[in-house]
Amino acid sequence: MTPPLEGRGWAADVRGSDAVIALSGDWIARICGVEADAAQRILASGARALSFNADKLGRWDSALVAFLSTLRDAAGNAGVSIDETGLPPPARQLLVLATGTAPTSAPFRETPFLERIGLWAFSVFDEGTEITTLIGETCLRSGAMLRGRAAMRGSDLLDCMRDAGAAAVPIVTIVNVLVGGILAFVGAVQLRRFGADIYVASMVGIAVVREMAALMTAIVMSGRTGGAYAANIATMQGNEEIDALRAIGIPVFDYLVLPRVLALTSMMPILYLYGCAVGIFGGFVVAVLTLNISPTAFIEEISRAVSGGQFGLGLAKSVTFGALIAIVGCRAGLRAGHSAADVGYAATSAVVAGIVGVIALDAAFAVCANALGL
Amino acid sequence: MTAHPAIEVTDLAIGFGTVIVQRDISFTVAAGSIFAIMGGSGCGKSTLLKAMIGLLRPSAGSILVGTDDYWAASDERRAEIGRGFGVLFQSGALWSSMSVAENVALPMRMLTSLDAVSIAALVRVKLSLVGLGSIGDIMPAELSGGMRKRAGLARALALDPGILFFDEPSAGLDPITAKRLDDLIRELRDGFGTTVVLVSHELPSLFEICDDGIFLDSATKTAIAHGAPRTLRDDCDHPTVHAFMNRQRPPDDPGIPGDDHAR
């Protein structure tokens with residue numbers, strides 16, 4: 001005596017090569033789910049012809065359709081005939097719609113390690129080429145703009161400048177004041193041990209002017225403005241706004257990229273100088289409050305230590321950082337796909353590439369300045 | 001057919017803030033029927049749909065879903081009632097970061113306690129019902145407009161809803177694709193016994209699949225006709241409805257196309 005062949009809501013009565021499957025009770029997908037192996041078990045009974053009895057079937061939804069279509073497709077593959085006349089007519093109608101429900105094993109091939117490295121190298125190379133092209137194009141179009149031949153609207157440039165300049169002042173203030181203060185704290189703790197309190201002033205001055213003001217402002221602007229450029233242009237990409245510009249014949253580069261690059265490149269040196277001022281102010285407050293230094297002594301010492309050459313180096317850095325952040329942001333937006341996920345990806349890659357690029361460039365500047373003895 | 005209508009709307013007023021888009025709307029949607037919300041562009045069809053699916057609280061009136069007052073219910077109860085709804089948005093509104101199959105699976109994963117095998121089987125059957133059985137692994141961005149709608153429909157079917165809402169199902173589709181979608185809507189209704197509410201101004205679809213409907217007018221800001229689109233086309237005397245159903249310009253046409261919003 002073989003055990004009865006049955007499952008959740010069904011029981012098969014196998015007689016020789018015929019099997020009658022009696023369906024009973026409710027088949028509600030969200031309550032009872034779908035039995036994984038029902039079709040295999042029914043076919044394993046050796047029946048060659050299946051038919052149904054739905055007299056005791058209660059309420060049903062896609063759970064029944066899933067069961068029946070899987071059984072039908074599996075039976076079709078095994079050459080077993082199926083008689084659907086015993087099923088409720090609506091279910092038969094849905095079965096006609098639901099074809100091809102057999103699970104397909106997708107041919108998934110892991111890319112070999114070396115191939116992945118190769119592909120990655122190619123993509124890095126492509127990216128480098130495109131960034132270089134964009135830099136070149138920026139130079140060319142800026143030249144065209146100076147000769148009055150670029151299709152850029154002055155109002156766009158002013159908007160971008162306000163956004164990348166005045167609107168960024170609060171966060172640039174906070175970050176630079178805090179960094180200046182932190183530098184003074186760190187210096188104070190160490191220098192006090194040698195009685196060299198006064199050199200806190202020169203340390204804060206040199207560190208802020210040479211490095212921190214340009215670097216911190218660039219990192220803040222990369223997150224704030226570079227990310228915004230990428231998200232903005234990527235959303236326009238998704239709405240087909242960029243396609244509309246292209247179709248009408250408005251040069252995308254002049255209209256979208258140029259004002260942003262010029263605005264950020266021109267605003268960054270100003271933000272840098274402002275960052276120097278508030279950074280030194282932060283250091284000044286901390287030094288005067290925690291160390292035995294008079295305000296006059298601090299100011300005298302700092303004006304002795306910081307030279308014009310150091311400002312020149314900082315300004316050169318800030319211009320380069322501004323151009324880099326804007327180009328990377330616009331590039332990430334322009335290459336984005338059309339979906340919401342792509343917007344997030346574009347913003348992320350703009351910020352990450354912006355910050356990494358800024359720090360790498362800063363290192364290159366440090367090496368060059370060292371070699372030139374600046 | 002059950003004794004209760006699927007949806008009963010009474011004296012509904014909808015709008016944004018102090019701007020009322022439509023008022024005094026009353027109608028019932030019979031269980032298992034295909035109900036059309038009709039009207040010109042900008043008359044408030046989609047706004048009415050938003051009120052019915054829980055996205056916009058009506059300014060006045062009530063919506064009974066089965067025996068529950070939808071908007072008088074608590075937020076939890078309303079979410080529970082909403083699980084019996086499936087909504088196909090105008091452009092599919094597929095979640096772009098997931099494949100089509102994951103789109104269909106997400107409602108089941110988040111809102112039921114089904115195991116992964118059951119969910120996979122149900123996703124397969126739902127995709128195959130809408131004719132997309134083989135493309136589950138594709139990302140939504142790679143789909144054509146018609147496929148996106150069908151994928152959206154498969155997702156709307158994910159929880160085996162009692163009521164399906166469609167916003168402009170055939171907008172932007174070619175006539176053949178639109179006809180296929182109409183047939184699919186009807187076959188799914190016949191198969192699952194689902195109630196269907198659709199917003200549309202595509203005349204061929206309206207005449208072919210709808211059993212009942214309501215016509216919203218943007219000038220008077222209320223419903224000016226009730227009945228199946230076919231009946232309205234043949235028997236309704238109201239000049240606006242008659243012009244709409246027969247694709248003519250109404251007698252008092254101001255002559256500027258697409259200005260319904262401004263009126």
# chains A, B, ... in the order shown; residues from 1 in each chain; ligands from 1

call {"tool": "interface_residues", "arguments": {"of": "chain A", "to": "chain B", "cutoff": "9 Å", "atoms": "only C-alpha atoms", "output": "JSON, numbers by chain"}}
result
{"A": [28, 29, 30, 31, 32, 33, 34, 35, 36, 60, 61, 62, 63, 65, 66, 67, 69, 70, 89, 90, 91, 92, 93, 94, 95, 96, 97, 98, 99, 100, 101, 102, 103, 104, 337, 338, 339, 340, 341, 342]}

call {"tool": "write_last_selection", "arguments": {"atoms": "C-alpha atoms", "output": "mmCIF file, in the first residue's frame"}}
result
data_model
loop_
_atom_site.group_PDB
_atom_site.id
_atom_site.type_symbol
_atom_site.label_atom_id
_atom_site.label_comp_id
_atom_site.auth_asym_id
_atom_site.auth_seq_id
_atom_site.Cartn_x
_atom_site.Cartn_y
_atom_site.Cartn_z
ATOM 1 C CA ILE A 28 -5.199 32.096 -1.248
ATOM 2 C CA ALA A 29 -1.608 32.923 -2.178
ATOM 3 C CA ARG A 30 -0.774 35.247 0.685
ATOM 4 C CA ILE A 31 -1.993 32.724 3.254
ATOM 5 C CA CYS A 32 -0.940 29.341 1.940
ATOM 6 C CA GLY A 33 1.829 30.147 -0.539
ATOM 7 C CA VAL A 34 2.796 27.728 -3.300
ATOM 8 C CA GLU A 35 4.015 24.172 -2.783
ATOM 9 C CA ALA A 36 7.390 23.810 -4.450
ATOM 10 C CA TRP A 60 -8.864 30.839 -5.043
ATOM 11 C CA ASP A 61 -6.449 33.306 -6.551
ATOM 12 C CA SER A 62 -3.036 33.196 -8.190
ATOM 13 C CA ALA A 63 -1.903 30.394 -5.852
ATOM 14 C CA VAL A 65 -2.978 29.420 -11.144
ATOM 15 C CA ALA A 66 0.644 29.018 -10.064
ATOM 16 C CA PHE A 67 0.045 25.385 -9.060
ATOM 17 C CA SER A 69 0.505 26.294 -14.640
ATOM 18 C CA THR A 70 3.587 24.722 -13.083
ATOM 19 C CA PRO A 89 -13.772 28.208 -16.410
ATOM 20 C CA PRO A 90 -12.087 31.387 -15.045
ATOM 21 C CA ALA A 91 -9.080 29.323 -13.968
ATOM 22 C CA ARG A 92 -8.867 27.766 -17.428
ATOM 23 C CA GLN A 93 -8.974 31.230 -18.958
ATOM 24 C CA LEU A 94 -6.085 32.389 -16.770
ATOM 25 C CA LEU A 95 -4.140 29.244 -17.591
ATOM 26 C CA VAL A 96 -4.275 30.199 -21.247
ATOM 27 C CA LEU A 97 -2.685 33.547 -20.335
ATOM 28 C CA ALA A 98 -0.065 32.050 -18.049
ATOM 29 C CA THR A 99 2.241 30.310 -20.445
ATOM 30 C CA GLY A 100 5.906 29.689 -19.954
ATOM 31 C CA THR A 101 5.958 29.550 -16.173
ATOM 32 C CA ALA A 102 8.516 26.770 -15.944
ATOM 33 C CA PRO A 103 11.504 28.059 -13.988
ATOM 34 C CA THR A 104 14.318 28.870 -16.373
ATOM 35 C CA GLY A 337 21.116 56.669 -17.126
ATOM 36 C CA HIS A 338 17.445 57.532 -17.137
ATOM 37 C CA SER A 339 16.214 56.101 -13.859
ATOM 38 C CA ALA A 340 15.904 57.300 -10.281
ATOM 39 C CA ALA A 341 18.622 54.895 -9.192
ATOM 40 C CA ASP A 342 20.978 56.429 -11.749
#

call {"tool": "select_by_dssp", "arguments": {"residues": "range 156-211 of chain B", "states": "alpha helix (DSSP H)", "output": "list in words"}}
result
Ala156, Pro175, Ile176, Thr177, Ala178, Lys179, Arg180, Leu181, Asp182, Asp183, Leu184, Ile185, Arg186, Glu187, Leu188, Arg189, Asp190, Gly191, Phe192, Leu203, Pro204, Ser205, Leu206, Phe207, Glu208 and Ile209 of chain B

call {"tool": "residues_around", "arguments": {"residues": "Ile280 in chain A", "least_positions_apart": "2", "cutoff": "12 Å", "atoms": "only C-alpha atoms", "output": "PyMOL selection string"}}
result
chain A and resi 173+176-184+200-210+212-213+273-278+282-288+298-299+302-303+306

call {"tool": "residues_around", "arguments": {"residues": "Ala164 in chain A", "least_positions_apart": "5", "cutoff": "7 Å", "atoms": "only C-alpha atoms", "output": "number ranges by chain"}}
result
A: 225, 263-264, 267

call {"tool": "residues_around", "arguments": {"residues": "Met52 in chain B", "least_positions_apart": "4", "cutoff": "9 Å", "atoms": "only C-alpha atoms", "output": "PDB file with N, CA and C atoms, in the first residue's frame"}}
result
ATOM      1  N   VAL B   9     -19.111  55.654  -3.378  1.00  0.00           N
ATOM      2  CA  VAL B   9     -18.643  57.021  -3.145  1.00  0.00           C
ATOM      3  C   VAL B   9     -19.860  57.915  -2.943  1.00  0.00           C
ATOM      4  N   THR B  47      -7.202  63.065  -9.970  1.00  0.00           N
ATOM      5  CA  THR B  47      -7.327  63.498  -8.577  1.00  0.00           C
ATOM      6  C   THR B  47      -8.339  62.618  -7.852  1.00  0.00           C
ATOM      7  N   LEU B  48      -9.442  62.312  -8.536  1.00  0.00           N
ATOM      8  CA  LEU B  48     -10.438  61.409  -7.937  1.00  0.00           C
ATOM      9  C   LEU B  48      -9.804  60.048  -7.671  1.00  0.00           C
ATOM     10  N   LEU B  56      -4.739  61.147  -1.519  1.00  0.00           N
ATOM     11  CA  LEU B  56      -5.217  62.518  -1.311  1.00  0.00           C
ATOM     12  C   LEU B  56      -6.505  62.452  -0.502  1.00  0.00           C
ATOM     13  N   ARG B  57      -6.500  63.108   0.669  1.00  0.00           N
ATOM     14  CA  ARG B  57      -7.693  63.069   1.514  1.00  0.00           C
ATOM     15  C   ARG B  57      -8.773  63.967   0.900  1.00  0.00           C
ATOM     16  N   PRO B  58      -9.982  63.435   0.724  1.00  0.00           N
ATOM     17  CA  PRO B  58     -11.039  64.257   0.139  1.00  0.00           C
ATOM     18  C   PRO B  58     -11.428  65.395   1.081  1.00  0.00           C
ATOM     19  N   ILE B  63     -15.899  57.509   1.104  1.00  0.00           N
ATOM     20  CA  ILE B  63     -15.655  56.416   0.156  1.00  0.00           C
ATOM     21  C   ILE B  63     -15.766  55.121   0.945  1.00  0.00           C
ATOM     22  N   TYR B  70     -13.353  54.300   4.049  1.00  0.00           N
ATOM     23  CA  TYR B  70     -11.914  54.300   3.809  1.00  0.00           C
ATOM     24  C   TYR B  70     -11.213  55.449   4.512  1.00  0.00           C
ATOM     25  N   PHE B 165      -6.836  49.461  -9.817  1.00  0.00           N
ATOM     26  CA  PHE B 165      -7.008  50.824 -10.320  1.00  0.00           C
ATOM     27  C   PHE B 165      -6.017  51.059 -11.447  1.00  0.00           C
TER      28      PHE B 165
END

call {"tool": "residues_around", "arguments": {"residues": "range 211-228 of chain B", "least_positions_apart": "3", "cutoff": "8 Å", "atoms": "only C-alpha atoms", "output": "list in words"}}
result
Val21, Gln22, Arg23, Asp24, Ile25, Phe27, Val29, Ser33, Ile34, Phe35, Ala36, Ile37, Met38, Gly39, Gly40, Gly42, Cys43, Gly44, Lys45, Phe207, Thr231, Leu232, Cys236, His238, Val241, Asp260 and Arg263 of chain B

call {"tool": "residues_around", "arguments": {"residues": "Ile138 in chain B", "least_positions_apart": "5", "cutoff": "9 Å", "atoms": "only C-alpha atoms", "output": "list in words"}}
result
Met98, Ser99, Val100, Ala101 and Leu143 of chain B
